[in-house]
file data_18.cif (mmCIF, C-alpha atoms)
data_upload
loop_
_atom_site.label_atom_id
_atom_site.label_comp_id
_atom_site.auth_asym_id
_atom_site.auth_seq_id
_atom_site.Cartn_x
_atom_site.Cartn_y
_atom_site.Cartn_z
CA MET A 1 93.30 112.84 94.05
CA LYS A 2 96.79 111.40 94.31
CA PHE A 3 99.71 113.06 92.53
CA ILE A 4 103.14 111.45 92.13
CA TYR A 5 106.26 113.20 90.88
CA PRO A 6 109.89 112.08 91.11
CA ALA A 7 112.35 114.00 93.27
CA VAL A 8 116.13 113.95 93.14
CA ILE A 9 117.62 113.84 96.63
CA ARG A 10 121.25 114.49 97.48
CA GLN A 11 123.29 115.04 100.60
CA GLU A 12 125.45 118.16 100.53
CA ALA A 13 128.93 118.53 102.03
CA ASP A 14 127.40 120.17 105.12
CA GLY A 15 125.43 116.96 105.78
CA ARG A 16 122.00 118.42 104.95
CA PHE A 17 119.73 116.73 102.43
CA HIS A 18 118.24 118.59 99.47
CA ALA A 19 115.37 117.45 97.26
CA GLN A 20 114.24 118.98 93.99
CA PHE A 21 111.53 118.02 91.54
CA PRO A 22 112.69 118.08 87.90
CA ASP A 23 109.09 118.46 86.68
CA LEU A 24 107.94 121.13 89.17
CA ALA A 25 109.76 124.42 88.61
CA GLU A 26 111.44 125.76 91.75
CA CYS A 27 109.86 123.06 93.95
CA ARG A 28 112.50 122.13 96.53
CA ALA A 29 112.98 121.01 100.11
CA GLU A 30 115.87 120.61 102.53
CA ALA A 31 116.32 119.03 105.95
CA ASP A 32 118.88 117.50 108.28
CA THR A 33 117.89 113.86 107.65
CA LEU A 34 116.75 111.80 104.68
CA GLU A 35 113.46 111.01 106.41
CA ASP A 36 112.81 114.69 107.11
CA VAL A 37 113.65 115.82 103.58
CA ILE A 38 111.16 113.29 102.18
CA GLU A 39 108.44 114.68 104.48
CA LYS A 40 109.33 118.26 103.53
CA ALA A 41 109.35 117.27 99.85
CA LYS A 42 105.80 115.95 100.25
CA GLU A 43 104.76 119.29 101.75
CA ALA A 44 106.50 121.25 98.99
CA GLU A 45 104.90 119.09 96.30
CA TYR A 46 101.46 119.51 97.88
CA ASN A 47 101.81 123.30 98.08
CA TRP A 48 103.17 123.57 94.53
CA ILE A 49 100.35 121.48 93.03
CA ALA A 50 97.64 123.20 95.10
CA LEU A 51 98.83 126.63 93.93
CA GLU A 52 98.97 125.56 90.28
CA LEU A 53 95.47 124.10 90.43
CA GLU A 54 94.14 127.14 92.31
CA GLU A 55 95.44 129.36 89.51
CA GLU A 56 93.83 126.96 87.00
CA ASN A 57 97.15 126.09 85.43
CA GLU A 58 97.77 122.67 83.95
CA LEU A 59 100.18 120.40 85.76
CA PRO A 60 103.31 119.32 83.91
CA PRO A 61 103.65 115.76 82.68
CA ARG A 62 105.46 113.39 85.01
CA THR A 63 108.91 112.19 84.00
CA GLU A 64 109.48 108.49 84.57
CA MET A 65 112.13 107.74 87.18
CA SER A 66 114.07 105.68 84.63
CA GLU A 67 114.42 108.79 82.45
CA ILE A 68 116.12 110.87 85.15
CA SER A 69 119.90 110.85 85.12
CA ALA A 70 121.04 110.81 88.73
CA LYS A 71 124.59 111.75 89.58
CA GLU A 72 126.68 109.64 91.92
CA GLY A 73 125.28 109.82 95.43
CA GLU A 74 121.85 111.08 94.33
CA ILE A 75 118.64 109.20 95.00
CA VAL A 76 115.61 109.41 92.70
CA ARG A 77 112.39 108.71 94.54
CA ASN A 78 108.72 109.09 93.70
CA ILE A 79 106.97 111.42 96.13
CA SER A 80 103.19 111.22 96.39
CA THR A 81 100.70 113.65 97.83
CA THR A 82 96.92 113.66 98.00
CA LEU A 83 94.73 116.72 97.48
CA LYS A 84 91.07 116.75 98.42
CA PHE A 85 89.08 118.84 95.97
CA PHE A 86 85.97 119.33 98.12
CA GLU A 87 84.68 118.57 101.59
CA GLY A 88 83.55 115.00 102.14
CA TRP A 89 85.55 113.63 99.20
CA GLU A 90 87.34 110.42 99.98
CA GLU A 91 89.91 108.74 97.80
#

call {"tool": "encode", "arguments": {"input": "data_18.cif", "output": "structure tokens"}}
result
Amino acid sequence: MKFIYPAVIRQEADGRFHAQFPDLAECRAEADTLEDVIEKAKEAEYNWIALELEEENELPPRTEMSEISAKEGEIVRNISTTLKFFEGWEE
């Protein structure tokens, strides 16, 4: 199943990129490049969702990108990840 949540990405003064998901508590990623932080954000989102579902918690509703107030220099981007729920399942 595919899951999509928005992430807010910003570049810090040290040049590193940081991503955080407003809807997923404490779900963050950081990397040296924009491309790498997007990949790490996908991994973080996957791990966060997998843990929540494993613990049988409900996932939070997804905030629309248009509802997120980005500060100057921040990028809001939807990040998608796919979880397979059992062997042999194909999307």

call {"tool": "atom_distance", "arguments": {"input": "data_18.cif", "atom1": "CA of Ala41 (chain A)", "atom2": "CA of Ala29 (chain A)"}}
result
5.2 Å

call {"tool": "axis_aligned_box", "arguments": {"input": "data_18.cif", "around": "region 12-30 of chain A", "padding_each_side": "8 Å", "output": "AutoDock Vina command-line options"}}
result
--center_x 118.4 --center_y 121.2 --center_z 96.2 --size_x 37.0 --size_y 25.0 --size_z 35.1

call {"tool": "resolve_selection", "arguments": {"input": "data_18.cif", "expression": "the PyMOL selection byres ((chain A and resi 49) around 12)", "output": "VMD selection string"}}
result
chain A and resid 1 to 5 21 23 to 27 42 to 48 50 to 60 80 to 85

call {"tool": "atom_distance", "arguments": {"input": "data_18.cif", "atom1": "CA of Glu64 (chain A)", "atom2": "CA of Glu30 (chain A)"}}
result
22.6 Å

call {"tool": "atom_distance", "arguments": {"input": "data_18.cif", "atom1": "CA of Arg62 (chain A)", "atom2": "CA of Gly15 (chain A)"}}
result
29.0 Å

call {"tool": "resolve_selection", "arguments": {"input": "data_18.cif", "expression": "the PyMOL selection byres ((chain A and resi 32-37) around 7)", "output": "PyMOL selection string"}}
result
chain A and resi 16-19+29-31+38-41

call {"tool": "resolve_selection", "arguments": {"input": "data_18.cif", "expression": "the PyMOL selection byres ((chain A and resi 74) around 12)", "output": "number ranges by chain"}}
result
A: 7-12, 17-20, 34, 68-73, 75-77

call {"tool": "build_atoms", "arguments": {"input": "data_18.cif", "residues": "region 18-37 of chain A", "atoms": "N, CA and C atoms", "output": "short mmCIF file (atom, residue, chain, number, x, y, z; two decimals), in the frame of the given file"}}
result
data_model
loop_
_atom_site.label_atom_id
_atom_site.label_comp_id
_atom_site.auth_asym_id
_atom_site.auth_seq_id
_atom_site.Cartn_x
_atom_site.Cartn_y
_atom_site.Cartn_z
N HIS A 18 118.99 117.70 100.35
CA HIS A 18 118.24 118.59 99.47
C HIS A 18 117.46 117.75 98.48
N ALA A 19 116.22 118.13 98.24
CA ALA A 19 115.37 117.45 97.26
C ALA A 19 114.86 118.49 96.27
N GLN A 20 114.81 118.11 95.01
CA GLN A 20 114.24 118.98 93.99
C GLN A 20 113.46 118.12 93.01
N PHE A 21 112.40 118.70 92.48
CA PHE A 21 111.53 118.02 91.54
C PHE A 21 111.83 118.50 90.13
N PRO A 22 112.38 117.65 89.27
CA PRO A 22 112.69 118.08 87.90
C PRO A 22 111.48 118.59 87.12
N ASP A 23 110.29 118.08 87.42
CA ASP A 23 109.09 118.46 86.68
C ASP A 23 108.37 119.68 87.25
N LEU A 24 108.66 120.04 88.49
CA LEU A 24 107.94 121.13 89.17
C LEU A 24 108.92 122.28 89.39
N ALA A 25 108.82 123.30 88.58
CA ALA A 25 109.76 124.42 88.61
C ALA A 25 109.88 125.04 90.00
N GLU A 26 111.12 125.12 90.47
CA GLU A 26 111.44 125.76 91.75
C GLU A 26 110.81 125.07 92.97
N CYS A 27 110.41 123.82 92.83
CA CYS A 27 109.86 123.06 93.95
C CYS A 27 111.00 122.29 94.61
N ARG A 28 111.34 122.70 95.83
CA ARG A 28 112.50 122.13 96.53
C ARG A 28 112.21 121.97 98.01
N ALA A 29 113.06 121.18 98.65
CA ALA A 29 112.98 121.01 100.11
C ALA A 29 114.37 120.70 100.62
N GLU A 30 114.60 120.98 101.90
CA GLU A 30 115.87 120.61 102.53
C GLU A 30 115.61 120.31 104.00
N ALA A 31 116.46 119.43 104.55
CA ALA A 31 116.32 119.03 105.95
C ALA A 31 117.62 118.37 106.40
N ASP A 32 117.68 118.10 107.70
CA ASP A 32 118.88 117.50 108.28
C ASP A 32 119.00 115.99 108.04
N THR A 33 117.87 115.31 107.84
CA THR A 33 117.89 113.86 107.65
C THR A 33 117.15 113.48 106.37
N LEU A 34 117.43 112.30 105.87
CA LEU A 34 116.75 111.80 104.68
C LEU A 34 115.25 111.68 104.93
N GLU A 35 114.88 111.15 106.08
CA GLU A 35 113.46 111.01 106.41
C GLU A 35 112.76 112.37 106.43
N ASP A 36 113.41 113.37 107.03
CA ASP A 36 112.81 114.69 107.11
C ASP A 36 112.71 115.37 105.75
N VAL A 37 113.71 115.18 104.89
CA VAL A 37 113.65 115.82 103.58
C VAL A 37 112.54 115.20 102.73
#
